[in-house]
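Each remark here refers to the structure printed beneath this line.
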Amino acid sequence: MFDRHYAVWPDYLPYQLALPQTSLYANLAISAQRYPDRDAILYYDTPMTYAELEREALALAGYLNSRGVARGDRVLLYMQNAPQYVVAFYAILRANAVVVPVNPMNRTGEIEHYARDTDARLCICGQERLAEATPLLDSGLLHEIVATAYSEYATRESDLELPAEVMAPFDVPQAAGVIAWRDALNTDHAPPAPEAGPDDLAVLPYSSGTTGQPKGCMHTHASVMATAVHSVVWSYGTSEGVNLATLPFFHVTGMQNSMNATIYAGATLVIMTRWDRRTAARLIERYRVNRWTNIVTMAVDLLADPEIESFDLSSLEYIGGGGAAMPAAVAEKLRALTGLDYIEGYGLSETMAATHINPLGAPKAQCLGIPVFGVDARIIDLETQTEVPIGETGEIVSNGPQVCIGYWNRPEATGEAFIEIDGKRFLRTGDIGRCDENGYFFMVDRAKRMINASGYKVWPAEVEALMFGHPEIREACVIATPDIRRGESVKACVVLVDGATASEADILAWCRDNMAAYKVPRAVEICLELPRSQTGKVMWRRLQEDEWEQA
């Protein structure tokens with residue numbers, strides 16, 4: 001068992017944490033019983049109590065059951081952040097079924113893959129995605145779609161700037177196989193008897209991987225429960241918490257640290273459908289938000305607002321997340337503004353969010369953190385699969401209560417993803433990292449992303465981190481570019497800070513002065529912006545594919 005990190009383990013926490021042996025839905029039922037009149041959700045100034053949330057979840061669960069959704073069946077959940085997402089998520093679980101979260105940016109062909117792969121017959125979606133989902137009704141792949149308008153839950157007058165999707169009135173067409181959300185809730189069907197337990201499947205988040213079609217990560221109620229509870233306990237969460245939800249719920253970080261952790265604690269969830277830095281600042285000030293889990297790019301954007309110091313952010317007690325290493329300069333600005341360290345963590349879809357988090361009292365910059373409750377993490381050699389000495393680079397492997405049991409309908413991929421060490425089953429993350437003498441883990445890069453330049457291994461994330469030291473670079477994404485002589489060379493796509501005048505030649509000269517010769521980019525492309533996913537991560541793979549296609 002890896003235990004080097006116990007030297008820096010928070011004094012107030014046990015090494016192991018007993019987890020509830022219940023379904024995930026029980027968290028909502030318990031919080032609704034304890035705090036029926038508390039606001040479970042605040043949605044652009046419109047509140048929803050725990051009693052209301054549970055009542056609607058039970059009503060929708062009854063409808064799903066009446067439509068033939070049974071224990072273990074999969075249901076697609078295809079919408080942006082909104083109160084309906086929370087209702088639908090828990091309704092599916094209460095119907096003893098399995099949530100299949102779908103990225104709301106996905107198009108018809110991608111949704112078709114999820115429906116075919118999971119044999120899902122019913123989809124719950126936002127009305128703005130209805131045009132992408134209805135072709136699956138026409139083909140017979142889906143039997144029914146429950147559609148909703150986000151404006152149905154943003155009913156109070158608000159001076160906030162609302163996204164177009166939230167302002168759009170209900171406009172779901174009457175069509176065969178499509179039922180309006182309110183009509184489904186008002187059918188007055190009783191939910192089935194609760195049957196799902198900790199070992200039943202609860203959620204099938206899809207991992208994009210590096211090749212082929214996305215794979216469904218099989219998570220039980222127990223594995224989903226693990227990171228929801230870990231999130232609350234690790235970061236001092238209580239029922240008095242007010243959590244700002246800016247990360248999409250379809251992604252495990254937002255699903256767990258924002259939605260499910262809040263419901264478990266009986267706290268209040270302040271939901272944003274789309275990211276907007278000014279609206280986020282107003283919500284923090286207005287509702288005295290004290291917890292905010294995000295990705296680094298959101299924190300960077302918030303701090304870039306020239307008027308950010310005019311907002312009262314003093315209620316914040318915890319800010320953390322991941323997705324990329326937090327640049328030191330940004331972390332310093334955040335600390336100066338809020339007095340808080342940015343708490344970085346690390347996890348995957350396969351681990352239902354974090355396996356590693358920095359201790360609040362002793363965080364390290366640009367660090368994945370230490371293994372949390374009951375997690376055994378190691379660094380192994382890519383070729384020999386044996387553990388490497390402290391400080392050396394290798395693949396991160398993890399064993400813990402939050403690790404998925406495998407990939408849906410992918411026995412071969414499941415076999416390749418796991419390795420046995422000391423009689424325990426470890427997930428091979430595909431991430432290259434190192435561990436220091438105190439048990440802190442650091443990311444080097446993705447195994448699939450390594451650049452081989454004349455035999456030298458170049459890790460793009462390392463070069464990116466170095467380039468953030470340039471005073472005129474706001475963002476950098478490093479990719480491989482074909483090189484006749486070297487096989488591959490390093491190319492940097494950069495976005496400059498506002499008003500910067502650095503040229504490509506200036507940046508190359510700076511790189512030659514600040515990094516080893518084999519890491520220095522052979523080319524620099526100055527971009528207005530970098531492509532991003534729905535979760536805000538830089539889509540390095542798209543840049544990489546475009547580069548090779550052009551070559």
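Within each chain, counting starts at residue 1; across the structure tokens, chains are named A, B, ... in the order shown, with ligands numbered 1 upward in that order.
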
Task: Polymer residues at most 9 Å from region 302-306 of chain A, only C-alpha atoms, same-chain spacing of 2 or more positions, as a ChimeraX atom specification - done: /A:276-278,280-281,297-300,308-309,330,333-334,337

Requested write-out: N, CA and C atoms of the selected residues, as a short mmCIF file (atom, residue, chain, number, x, y, z; two decimals), in the first residue's frame:
```cif
data_model
loop_
_atom_site.label_atom_id
_atom_site.label_comp_id
_atom_site.auth_asym_id
_atom_site.auth_seq_id
_atom_site.Cartn_x
_atom_site.Cartn_y
_atom_site.Cartn_z
N ASP A 276 -20.15 32.41 -17.72
CA ASP A 276 -20.01 33.84 -17.96
C ASP A 276 -19.36 34.44 -16.73
N ARG A 277 -18.20 35.01 -16.89
CA ARG A 277 -17.42 35.42 -15.71
C ARG A 277 -18.12 36.50 -14.89
N ARG A 278 -18.80 37.43 -15.56
CA ARG A 278 -19.47 38.50 -14.81
C ARG A 278 -20.66 37.95 -14.02
N ALA A 280 -20.94 34.89 -12.95
CA ALA A 280 -20.38 34.09 -11.86
C ALA A 280 -20.02 34.98 -10.68
N ALA A 281 -19.37 36.12 -10.95
CA ALA A 281 -18.98 37.02 -9.87
C ALA A 281 -20.21 37.57 -9.14
N THR A 297 -9.14 27.23 -16.67
CA THR A 297 -9.45 28.28 -17.63
C THR A 297 -10.57 29.20 -17.12
N MET A 298 -11.49 28.67 -16.31
CA MET A 298 -12.54 29.52 -15.74
C MET A 298 -11.97 30.48 -14.72
N ALA A 299 -11.07 29.99 -13.88
CA ALA A 299 -10.43 30.86 -12.89
C ALA A 299 -9.62 31.93 -13.59
N VAL A 300 -8.91 31.56 -14.64
CA VAL A 300 -8.12 32.52 -15.42
C VAL A 300 -9.04 33.60 -15.99
N ILE A 308 -13.13 42.81 -11.74
CA ILE A 308 -13.32 41.74 -10.77
C ILE A 308 -13.16 42.24 -9.33
N GLU A 309 -12.31 43.22 -9.11
CA GLU A 309 -12.07 43.69 -7.74
C GLU A 309 -13.25 44.48 -7.20
N VAL A 330 -1.16 33.14 -12.19
CA VAL A 330 -2.61 33.20 -11.96
C VAL A 330 -2.93 32.80 -10.52
N LYS A 333 -2.32 35.71 -8.29
CA LYS A 333 -3.35 36.73 -8.40
C LYS A 333 -4.62 36.29 -7.67
N LEU A 334 -4.95 35.00 -7.78
CA LEU A 334 -6.11 34.47 -7.08
C LEU A 334 -5.94 34.58 -5.58
N LEU A 337 -6.39 38.14 -4.42
CA LEU A 337 -7.78 38.59 -4.48
C LEU A 337 -8.65 37.96 -3.41
#
```

- [ ] With a distance cut-off of 6 Å and only C-alpha atoms, select the neighbouring residues of region 86-99 of chain A, excluding the residue or stretch itself and same-chain residues fewer than 5 positions from it, and output the selection as a list in words.
- [x]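 Counting only the stated atoms, we get Tyr25, Ala57, Leu60, Ala61, Arg71, Gly72, Asp73, Arg74, Val75, Ala196, Ala202 and Val203 of chain A.
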
TODO: May I ask for the distance between CA of Val388 (chain A) and CA of Met450 (chain A), given in Å to one decimal place?
DONE: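 Those two atoms sit 18.9 Å apart.
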
TODO: Find the spatial neighbours of Asn399 (chain A), counting only C-alpha atoms, within a cut-off of 7 Å - ignore same-chain residues fewer than 3 positions away - and output them as a PyMOL selection string.
DONE: chain A and resi 375-377+403+425-427

Residues just named, written with N, CA and C atoms as a PDB file, in the first residue's frame:
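New file selection_8.pdb:
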```
ATOM      1  N   VAL A 375      -7.147   5.198  -1.473  1.00  0.00           N
ATOM      2  CA  VAL A 375      -6.568   5.074  -2.823  1.00  0.00           C
ATOM      3  C   VAL A 375      -5.112   4.645  -2.720  1.00  0.00           C
ATOM      4  N   ASP A 376      -4.781   3.621  -3.472  1.00  0.00           N
ATOM      5  CA  ASP A 376      -3.405   3.151  -3.602  1.00  0.00           C
ATOM      6  C   ASP A 376      -2.955   3.513  -5.010  1.00  0.00           C
ATOM      7  N   ALA A 377      -2.019   4.441  -5.126  1.00  0.00           N
ATOM      8  CA  ALA A 377      -1.546   4.891  -6.440  1.00  0.00           C
ATOM      9  C   ALA A 377      -0.047   4.648  -6.547  1.00  0.00           C
ATOM     10  N   VAL A 403     -12.869   3.567  -8.582  1.00  0.00           N
ATOM     11  CA  VAL A 403     -12.467   3.065  -9.902  1.00  0.00           C
ATOM     12  C   VAL A 403     -13.606   2.244 -10.515  1.00  0.00           C
ATOM     13  N   ARG A 425      -6.117  -4.947  -8.124  1.00  0.00           N
ATOM     14  CA  ARG A 425      -6.421  -4.538  -9.494  1.00  0.00           C
ATOM     15  C   ARG A 425      -6.255  -3.019  -9.626  1.00  0.00           C
ATOM     16  N   PHE A 426      -5.313  -2.608 -10.465  1.00  0.00           N
ATOM     17  CA  PHE A 426      -5.028  -1.197 -10.666  1.00  0.00           C
ATOM     18  C   PHE A 426      -5.457  -0.759 -12.054  1.00  0.00           C
ATOM     19  N   LEU A 427      -6.018   0.452 -12.141  1.00  0.00           N
ATOM     20  CA  LEU A 427      -6.347   1.061 -13.419  1.00  0.00           C
ATOM     21  C   LEU A 427      -5.102   1.713 -14.002  1.00  0.00           C
TER      22      LEU A 427
END
```

If we count only C-alpha atoms and set the cut-off at 10 Å, which residues sit around Thr351 (chain A), ignoring sequence neighbours fewer than 4 positions away in its own chain? Please answer as a tab-separated table (two decimals) with N, CA and C atoms, in the first residue's frame.
```
chain	number	residue	atom	x	y	z
A	217	CYS	N	-17.79	3.97	-19.14
A	217	CYS	CA	-17.15	3.53	-17.90
A	217	CYS	C	-18.24	3.07	-16.93
A	218	MET	N	-18.20	1.81	-16.55
A	218	MET	CA	-19.25	1.24	-15.70
A	218	MET	C	-19.02	1.60	-14.24
A	219	HIS	N	-19.87	2.51	-13.76
A	219	HIS	CA	-19.78	2.95	-12.36
A	219	HIS	C	-21.00	2.49	-11.59
A	223	SER	N	-19.23	3.34	-6.39
A	223	SER	CA	-18.10	4.12	-6.90
A	223	SER	C	-18.48	5.58	-7.09
A	224	VAL	N	-19.74	5.85	-7.46
A	224	VAL	CA	-20.19	7.24	-7.58
A	224	VAL	C	-20.31	7.86	-6.19
A	226	ALA	N	-18.51	7.23	-3.69
A	226	ALA	CA	-17.17	7.44	-3.12
A	226	ALA	C	-16.67	8.86	-3.36
A	227	THR	N	-16.63	9.30	-4.61
A	227	THR	CA	-16.05	10.61	-4.85
A	227	THR	C	-16.98	11.74	-4.43
A	252	VAL	N	-17.69	14.18	-15.24
A	252	VAL	CA	-17.65	13.65	-13.88
A	252	VAL	C	-17.22	14.67	-12.84
A	346	TYR	N	-6.91	15.51	-9.29
A	346	TYR	CA	-6.69	14.68	-10.47
A	346	TYR	C	-7.62	13.48	-10.46
A	347	GLY	N	-8.22	13.22	-11.60
A	347	GLY	CA	-9.07	12.05	-11.75
A	347	GLY	C	-9.44	11.86	-13.20
A	355	THR	N	-9.02	10.93	-7.71
A	355	THR	CA	-8.29	9.95	-6.91
A	355	THR	C	-7.20	10.66	-6.10
A	398	SER	N	-3.88	3.40	-10.48
A	398	SER	CA	-4.66	3.68	-9.26
A	398	SER	C	-5.59	2.53	-8.91
A	399	ASN	N	-5.69	2.26	-7.63
A	399	ASN	CA	-6.67	1.32	-7.07
A	399	ASN	C	-7.44	2.07	-5.99
A	400	GLY	N	-8.77	1.98	-6.01
A	400	GLY	CA	-9.54	2.67	-4.99
A	400	GLY	C	-11.03	2.43	-5.16
A	401	PRO	N	-11.84	2.89	-4.20
A	401	PRO	CA	-13.28	2.62	-4.24
A	401	PRO	C	-14.01	3.32	-5.37
A	402	GLN	N	-13.38	4.33	-6.00
A	402	GLN	CA	-14.04	5.07	-7.07
A	402	GLN	C	-13.70	4.57	-8.47
A	403	VAL	N	-12.87	3.57	-8.58
A	403	VAL	CA	-12.47	3.06	-9.90
A	403	VAL	C	-13.61	2.24	-10.52
A	404	CYS	N	-13.86	2.47	-11.80
A	404	CYS	CA	-14.95	1.75	-12.48
A	404	CYS	C	-14.64	0.26	-12.56
A	405	ILE	N	-15.67	-0.53	-12.81
A	405	ILE	CA	-15.47	-1.98	-12.87
A	405	ILE	C	-15.06	-2.43	-14.28
A	427	LEU	N	-6.02	0.45	-12.14
A	427	LEU	CA	-6.35	1.06	-13.42
A	427	LEU	C	-5.10	1.71	-14.00
A	429	THR	N	-3.89	4.50	-16.06
A	429	THR	CA	-4.51	5.77	-16.43
A	429	THR	C	-4.08	6.27	-17.80
```

Open item on the list: DSSP on the backbone: which residues in region 326-500 of chain A end up as strand (DSSP E or B)? Give the answer as an MDAnalysis selection string.
Closed with: chainID A and resid 342:348 353:357 369:371 376:380 387 394:399 407 418:421 424:435 441:446 451:453 456:458 473:483 487:496

Open item on the list: Can you pull out the residues contacting region 140-148 of chain A? Cut-off 9 Å, using only C-alpha atoms, and skip same-chain residues under 4 positions away; I want them as a PyMOL selection string.
Closed with: chain A and resi 67+84+112+115-116+119-130+133-136+152+170-172+176-182+184

TODO: Quick one: everything within 9 Å of Thr262 (chain A), counting only C-alpha atoms, minus sequence neighbours fewer than 3 positions away in the same chain. Send it as a list in words.
DONE: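 Returned residues: Ala40, Ala228, Val232, Gly237, Thr238, Ser239, Gly241, Val242, Asn243, Gln256, Asn257, Ser258, Met259, Ala265, Gly266, Ala267, Thr268 and Leu269 of chain A.
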
TODO: Using only C-alpha atoms, determine which residues lie at most 9 Å from region 523-536 of chain A, disregarding the query and same-chain residues fewer than 3 positions distant; provide the list as a PyMOL selection string.
DONE: chain A and resi 103-105+247-248+251+295-298+323+475-477+481+489-496+503-505+507-508+520+539-540+542-543

Would you write out those residues with N, CA and C atoms, as a compact mmCIF listing (two decimals), in the first residue's frame?
```txt
# COMPACT_ATOMS: atom_id res chain seq x y z
N ASN A 103 -22.76 14.50 -23.68
CA ASN A 103 -22.28 15.86 -23.90
C ASN A 103 -23.29 16.63 -24.75
N PRO A 104 -23.80 17.78 -24.27
CA PRO A 104 -24.80 18.51 -25.05
C PRO A 104 -24.26 19.12 -26.33
N MET A 105 -22.96 19.05 -26.56
CA MET A 105 -22.40 19.50 -27.83
C MET A 105 -22.46 18.40 -28.89
N LEU A 247 -19.16 23.92 -13.92
CA LEU A 247 -18.71 22.81 -14.76
C LEU A 247 -19.92 22.00 -15.21
N PRO A 248 -19.91 21.48 -16.44
CA PRO A 248 -21.07 20.73 -16.93
C PRO A 248 -21.29 19.45 -16.14
N HIS A 251 -20.08 15.87 -17.26
CA HIS A 251 -18.68 15.52 -17.01
C HIS A 251 -18.51 15.18 -15.54
N ILE A 295 -12.56 24.55 -13.69
CA ILE A 295 -11.33 24.22 -14.39
C ILE A 295 -10.49 25.48 -14.44
N VAL A 296 -9.21 25.29 -14.61
CA VAL A 296 -8.27 26.41 -14.52
C VAL A 296 -8.66 27.54 -15.46
N THR A 297 -9.14 27.23 -16.67
CA THR A 297 -9.45 28.28 -17.63
C THR A 297 -10.57 29.20 -17.12
N MET A 298 -11.49 28.67 -16.31
CA MET A 298 -12.54 29.52 -15.74
C MET A 298 -11.97 30.48 -14.72
N GLY A 323 -8.05 20.00 -14.75
CA GLY A 323 -8.16 20.13 -16.20
C GLY A 323 -6.86 20.54 -16.84
N GLU A 475 -1.83 31.60 -23.04
CA GLU A 475 -2.08 30.16 -23.14
C GLU A 475 -1.12 29.56 -24.16
N ALA A 476 -0.85 28.27 -23.97
CA ALA A 476 0.02 27.57 -24.91
C ALA A 476 -0.45 26.12 -25.03
N CYS A 477 -0.42 25.62 -26.25
CA CYS A 477 -0.70 24.21 -26.49
C CYS A 477 0.39 23.67 -27.40
N THR A 481 4.91 18.24 -34.80
CA THR A 481 4.84 18.57 -36.22
C THR A 481 5.83 17.65 -36.95
N SER A 489 8.98 17.09 -34.54
CA SER A 489 9.52 18.24 -33.84
C SER A 489 8.40 18.88 -33.03
N VAL A 490 8.79 19.82 -32.21
CA VAL A 490 7.85 20.48 -31.31
C VAL A 490 7.31 21.75 -31.95
N LYS A 491 5.98 21.91 -31.86
CA LYS A 491 5.34 23.14 -32.31
C LYS A 491 4.46 23.67 -31.19
N ALA A 492 4.48 25.00 -31.00
CA ALA A 492 3.66 25.63 -29.96
C ALA A 492 2.62 26.55 -30.59
N CYS A 493 1.37 26.33 -30.21
CA CYS A 493 0.28 27.23 -30.59
C CYS A 493 0.00 28.09 -29.36
N VAL A 494 0.15 29.40 -29.48
CA VAL A 494 0.06 30.26 -28.31
C VAL A 494 -0.98 31.37 -28.52
N VAL A 495 -1.57 31.80 -27.41
CA VAL A 495 -2.45 32.97 -27.37
C VAL A 495 -1.76 33.99 -26.48
N LEU A 496 -1.62 35.21 -26.98
CA LEU A 496 -0.92 36.25 -26.23
C LEU A 496 -1.89 36.99 -25.31
N SER A 503 6.57 38.55 -31.15
CA SER A 503 6.49 37.86 -32.43
C SER A 503 6.87 36.40 -32.26
N GLU A 504 6.68 35.62 -33.30
CA GLU A 504 7.09 34.21 -33.24
C GLU A 504 8.58 34.11 -32.98
N ALA A 505 9.36 34.97 -33.62
CA ALA A 505 10.82 34.93 -33.42
C ALA A 505 11.19 35.29 -31.98
N ILE A 507 9.39 34.75 -29.31
CA ILE A 507 9.04 33.63 -28.44
C ILE A 507 10.04 32.49 -28.59
N LEU A 508 10.47 32.21 -29.82
CA LEU A 508 11.45 31.16 -30.04
C LEU A 508 12.77 31.50 -29.34
N VAL A 520 12.85 22.83 -27.19
CA VAL A 520 12.52 24.11 -27.81
C VAL A 520 11.66 23.90 -29.05
N MET A 539 -8.46 21.51 -26.74
CA MET A 539 -8.56 20.29 -27.55
C MET A 539 -7.27 20.10 -28.34
N TRP A 540 -6.25 19.62 -27.62
CA TRP A 540 -4.94 19.46 -28.26
C TRP A 540 -4.99 18.45 -29.39
N ARG A 542 -7.33 17.94 -31.57
CA ARG A 542 -7.79 18.57 -32.81
C ARG A 542 -6.65 19.33 -33.48
N LEU A 543 -5.90 20.08 -32.67
CA LEU A 543 -4.75 20.81 -33.22
C LEU A 543 -3.72 19.84 -33.81
```

TODO: Pick out each residue of region 182-305 of chain A that DSSP on the backbone tags as alpha helix (DSSP H); I need them as JSON, numbers by chain.
DONE: {"A": [182, 183, 184, 185, 221, 222, 223, 224, 225, 226, 227, 228, 229, 230, 231, 232, 233, 234, 252, 253, 261, 262, 263, 264, 265, 277, 278, 279, 280, 281, 282, 283, 284, 285, 286, 287, 296, 297, 298, 299, 300, 301, 302, 303, 304]}

- [ ] Measuring atom to atom with only C-alpha atoms, identify which of A:Arg291, A:Ala324, A:Asp312, A:Pro214 is nearest to Ser349 (chain A).
- [x] A:Pro214
